[in-house]
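Enquirer: Below is one structure. I have some questions about it.
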Amino acid sequence: MRLFSLNAKVSVLALALAALPGVAAAQTAAPGETDDNVPESTVQPDLEQNQPANDIVVTGSRIRRPDFQAPNPVVSLDSETLQASGTTNLTDFLTGYPALIGSSTGGDNSGSGAGIGYTGLNLLNLRNLGTDRTLVLVDGRRHVSGVPGSQAIDVNTIPTDLVERIDVLTGGASAIYGADGVSGVVNFILKKNFEGITARGQAGISEQGDAGQRFFTVTAGHNFGDRANLAIAYEYGKEDRLTTRDRRRLRGTNLTGFYLNPDDTETGGNNNDGIADYIPLSGIRYFDTNREGGIDVDWDGFPDYFVNAGGGLTAFDPGRFIPDYYQQGGNATLVSDYGNDLLPSVERHVVNAIGHFDVSPALSFFAEGKYANIESYSLGQPTFDYYLLIEPDNPFIPTALRQAAIDNGGLLLNRDNFDLGQRGETIKRETIRGVLGARGDLGNDFNYEVSYVYGQSKVRNHYVGDIYDDRFYAALDAVTGPNGQVTCRVNLQPGWSPNQPYESRDVFDPTTFQPGQCAPLNLFGENQASQAALDFIRVNTLDRSKVEQHVVNATLTGDLGSLFTLPGGDVGFAVGAEYREEKSNFTPDPIAAQGLTFTNALAVDDGKFNVKEVFGEVRVPLLSDRAFFRRLEFGGAVRLSDYSTIGTTTTWKVDGTWAPVRDITFNGTYSRAVRAPNIGELFGGLSQTYEFITDPCNSNQIQNGTANRAANCAALLTSLGVADPAGYRDPRSTNIPGFQGGNPDLGEEAATTWTAGAVFQPRFIPGLTLRADWYDIKLKNAINFVDPEELAELCVDQASLDNVFCGGIVRQNGGTTAGQITGFTVTPQNVAQFVTAGLDVNINYRLNAGKIGKFNLNLVGNYLDRLEFIGTPGAPVTDSRGEAYAPKYTANFDLTWTKGPYTINYGLSWFDKTLRFTNQEVDGNPDIVAPEYLYYKERWVHDLYASVDVGDNMQFFGGVNNFLGERPSIGANTYPVSSVGRFFFAGARVKFAGF
């Protein structure tokens, strides 16, 4: 489970670091100097037509600057870099960079890996502190969320081909842009001032003929004299669905995973006997169930028979037992059968319009509009049932077992319901966004801008392949009617008491149907259910949600040069005010809201808040062009916010820049940032959810926790009536029902962030730019939605059982199942702390080799020094550095050669090996796995891209990603590389003159 994950580490050997073409520190040239030593990719284009060519608005500051030197570490990725990546998915592109390695892609949000309503979403996660802590902007302005109750932006709505550059910023963002930027900002800068028509088409496919991508975009713009410009762009993208069955290594008995070693001599916990606790095994099955229905005759919890394809009884073969609930061999359901989608199907239509009209230098009106229609589809696993009670008079019971059923009061059935259909989601998301504003030059180097942003996201989630619980249990209780025909008992007995699941004893009264409508269901054997029964029990539900955003912003920027000038230049400033209102509503399907489907009972979520803010920023250039002070300046920013939910907050930052000589510049920032709780965290109603929970008090799990776990588990289990706490073992392999909801008493999170770094541009190596920045983020009072598994672990890993986590876990008190976890309630709390620190290194070297051509070498890398999480004050520190999705070292390397119309690019995405288990598990269990399997292998993904310009109006391009065919590590489906394999792509771009 990935709580958070951070970028990785950069080696002291700079040559191990990397980047894609066009990547560079966004600020690299000192004032008054030429740009000869600045890579072309760092020269950022004007943001608006009426903005002077040398006047730059850098992400992380509202003050226009005459240069690229700013204290905040910003990495800028340009449109050429994006095209050379070969993907049309912005998040897949950005996850190749260290700061965004843990972002949530379509592959993460597909199949059973997607939370309800998340299929197809692409969410950015900066520094892996969470998607809600990453502030995503478009042209420096906020964008409406794509997730109900959240502030997270669905990157699918960003038009790929309109992106001019992407700025990634760490440090001090909350004081400039407001809440949600505690880990930083990702700012998408879009192209403007179109004249003529441009079009681009691209298609790609894997070497196995699947995972295809199609992309087409056209943009048309026109200048109306020197005063106005209007452009409209349409973009279409299609990404194909990919399933585990499409990959031989992931289907049938080929699938390999790590399971408890059946030959291990350990009993009742870890004794460090030198025998690996987990080993790689293939052909693994769930030991107590199968697709045909495992029939338990003697009620001992384990199947004895099933009905085969010919209608006869076959003995259930348990194969070789693999702890805790698996088998190898035999005829149970293969674990690989439950493998589902690796990638969702995503289809995107995005239309953008942008224009401006200049009345005079003092007044220019601008407007933007966007409509995005995105449809995602993915299938997960089917329903499954354990210990279904089949009444003894059920006519579908095999003849040979009928007497046993009568003698025992019925039969129990364990079943994986593949023949009833896979569950999944078809989600349609519609986003509209409009921007209206005015800006102008007031003279004396003063500029203003006033803007209004409206955004709306509507989501319709069709949940397919689900089953009515009340109808399922009614149809299961079949009897022979007076006419000799099989029918449902409820059709004959209006006072029918529903067939109850053996374990949970839930009761589902007939709510969605009337007696006489029920069609009997035969679950003995696969594909034995009648079409009438399938039609009766199946249901497709529809959830709806709507998110709205209103933002009004007014900013005045300029400098005080008309009043005074410092030895280093004019003092720059920005002041302004902002009003923002966020609304979110989620309405579940009425059937789902009642808990009448296999999934969960979903609550109506409805909430809103507003915030009023004032902010200011200043840049003070103290000295310039002096001995040892080529440049010396400091700056600061402050933002005062008044939330309708949590009251007032204050964020601020200070920064400084010192360049003793033109070759080197030192930068630093120190800031305090806040994040206000979002609507879902505050107002989310209690919704039912299900989770697999491995009990931390199991005898084989005691060693995987803190030193407190053994004593706490012994005390807890004893109090619940467990006779032998030391030998306790919960053998179940079922989902456990629980509830999840919001907490209106939440307060704001607070982060302290500092960065320190240097920019090197040595005159003796023309074309070389190197920037290195250390970052340190400490987030306190963090809102933590603890995973139920972790909740159970945190309960018994504290110094005592008197903690905030134990109250969220419900265990059975007394009886034959004493001690077992039977439920949980998860709500967010301001109890957590995150700490992360590391080094970002960004190198760009541009060489003009004359007749040979031009070379551009880019390196972006990260060294992860700390990545720690504390669940609650006083709780043990969880160190995640070096675990999966949190490598110590991460790097991207790209080399681009250009000569005339030809361009060739080679790219390498790399990170070092990562632990297969957590640091805590490895530290507490030295023989958890054999040394050769302790780590997932390193990531090595090699890419090639080439393009050729045909005249001035056409370009052809193509390439292959992962051309060496790197595969996931043993025991993993998508890590450290995806299962797509080699991916080929080709396309063309054309442009036509103005019209």
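The way I read the labels, and the way they are meant: chains A, B, ... in the order of the structure tokens, residue 1 as the first residue of every chain, and ligand 1 as the first ligand shown, with later ones counted on from there.
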Excluding A:Gln381 and residues on its chain fewer than 6 positions from it, collect all residues at most 8 Å away from it, counting only C-alpha atoms, and give them as a PyMOL selection string.

Expert: chain A and resi 111-112+338-340+422-424

Enquirer: Just the residues within 8 Å of stretch 359-369 of chain A, please, counting only C-alpha atoms, with nothing from its chain fewer than 4 positions along; format it as a list in words.

Expert: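 With the cut-off at 8 Å, the set is Asn50, Arg227, Asn352, Ala353, Ile354, Gly355, Ile432, Arg433, Gly434, Val435, Leu436, Gly437, Ala438, Arg439, Gly440, Asp441 and Leu442 of chain A.
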
Enquirer: Keeping only N, CA and C atoms, write the selected residues as an mmCIF file, in the first residue's frame.

Expert:
```
data_model
loop_
_atom_site.group_PDB
_atom_site.id
_atom_site.type_symbol
_atom_site.label_atom_id
_atom_site.label_comp_id
_atom_site.auth_asym_id
_atom_site.auth_seq_id
_atom_site.Cartn_x
_atom_site.Cartn_y
_atom_site.Cartn_z
ATOM 1 N N ASN A 50 0.635 41.538 -24.563
ATOM 2 C CA ASN A 50 1.030 42.878 -24.150
ATOM 3 C C ASN A 50 2.123 42.870 -23.093
ATOM 4 N N ARG A 227 -4.716 44.530 -32.307
ATOM 5 C CA ARG A 227 -5.377 44.664 -31.020
ATOM 6 C C ARG A 227 -5.967 43.361 -30.465
ATOM 7 N N ASN A 352 -10.945 24.149 -26.394
ATOM 8 C CA ASN A 352 -10.485 25.365 -25.724
ATOM 9 C C ASN A 352 -10.646 26.560 -26.655
ATOM 10 N N ALA A 353 -11.062 27.665 -26.089
ATOM 11 C CA ALA A 353 -11.098 28.934 -26.813
ATOM 12 C C ALA A 353 -10.385 29.974 -25.966
ATOM 13 N N ILE A 354 -9.618 30.841 -26.625
ATOM 14 C CA ILE A 354 -8.856 31.851 -25.910
ATOM 15 C C ILE A 354 -8.762 33.100 -26.777
ATOM 16 N N GLY A 355 -8.905 34.238 -26.161
ATOM 17 C CA GLY A 355 -8.838 35.472 -26.922
ATOM 18 C C GLY A 355 -8.562 36.679 -26.048
ATOM 19 N N ILE A 432 -16.268 22.161 -17.407
ATOM 20 C CA ILE A 432 -16.266 23.450 -18.090
ATOM 21 C C ILE A 432 -15.490 24.431 -17.214
ATOM 22 N N ARG A 433 -14.775 25.317 -17.868
ATOM 23 C CA ARG A 433 -13.993 26.313 -17.143
ATOM 24 C C ARG A 433 -13.946 27.585 -17.976
ATOM 25 N N GLY A 434 -14.211 28.686 -17.333
ATOM 26 C CA GLY A 434 -14.153 29.965 -18.010
ATOM 27 C C GLY A 434 -13.357 30.975 -17.222
ATOM 28 N N VAL A 435 -12.644 31.820 -17.941
ATOM 29 C CA VAL A 435 -11.849 32.882 -17.333
ATOM 30 C C VAL A 435 -12.202 34.186 -18.030
ATOM 31 N N LEU A 436 -12.536 35.200 -17.259
ATOM 32 C CA LEU A 436 -12.772 36.553 -17.771
ATOM 33 C C LEU A 436 -11.907 37.507 -16.974
ATOM 34 N N GLY A 437 -11.302 38.469 -17.669
ATOM 35 C CA GLY A 437 -10.457 39.384 -16.926
ATOM 36 C C GLY A 437 -10.019 40.588 -17.726
ATOM 37 N N ALA A 438 -9.356 41.465 -17.023
ATOM 38 C CA ALA A 438 -8.782 42.658 -17.631
ATOM 39 C C ALA A 438 -7.433 42.909 -16.993
ATOM 40 N N ARG A 439 -6.527 43.450 -17.790
ATOM 41 C CA ARG A 439 -5.200 43.794 -17.291
ATOM 42 C C ARG A 439 -4.726 45.037 -18.020
ATOM 43 N N GLY A 440 -3.693 45.643 -17.485
ATOM 44 C CA GLY A 440 -3.170 46.820 -18.150
ATOM 45 C C GLY A 440 -1.991 47.428 -17.430
ATOM 46 N N ASP A 441 -1.403 48.411 -18.099
ATOM 47 C CA ASP A 441 -0.252 49.148 -17.601
ATOM 48 C C ASP A 441 -0.741 50.496 -17.100
ATOM 49 N N LEU A 442 -0.506 50.777 -15.816
ATOM 50 C CA LEU A 442 -0.966 52.018 -15.219
ATOM 51 C C LEU A 442 0.092 53.107 -15.255
#
```

Enquirer: For the structure I just gave you, how does DSSP split stretch 322-486 of chain A - specifically, which residues are helix (DSSP H, G or I)? Reply as number ranges by chain.

Expert: A: 335-338, 399-408, 418-420, 469-476

Enquirer: Select, from A:Phe194, A:Trp754, A:Phe306, A:Tyr448, the residue with the minimum atom-to-atom distance to A:Ala400, counting only C-alpha atoms.

Expert: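 Comparing A:Phe194, A:Trp754, A:Phe306, A:Tyr448 against A:Ala400, the winner is A:Phe306.
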
Enquirer: List the neighbours of A:Trp774 out to 6 Å using only C-alpha atoms; skip same-chain residues closer than 5 positions along the sequence, and give me the result as a VMD selection string.

Expert: chain A and resid 755 to 757 838 to 839

Enquirer: Pick out the closest residue to A:Ala404 from this set: A:Leu746, A:Asp298, A:Asn844, A:Gln213. Count only C-alpha atoms.

Expert: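 Counting only C-alpha atoms, the residue closest to A:Ala404 is A:Asp298.
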
Enquirer: Atom CA of A:Pro398 and atom CA of A:Leu313 are how many Å apart?

Expert: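 About the pair atom CA of A:Pro398 and atom CA of A:Leu313: they are 7.8 Å apart.
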
Enquirer: Hey, which of A:Gly149, A:Thr81, A:Leu162, A:Arg415 ends up closest to A:Leu682? Count only C-alpha atoms.

Expert: A:Gly149

Enquirer: Figure out the distance between atom CA of A:Asp167 and atom CA of A:Thr59, please, to one decimal in Å.

Expert: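 Straight-line distance from atom CA of A:Thr59 to atom CA of A:Asp167 works out to 6.6 Å.
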
Enquirer: Any idea what's packed within 12 Å of A:Ser584, counting only C-alpha atoms, ignoring anything in its chain fewer than 2 positions away? Could you give it as a count of residues only?

Expert: 36

Enquirer: I need the residues in stretch 319-401 of chain A that are strand (DSSP E) according to DSSP; give them as a count of residues only.

Expert: 52
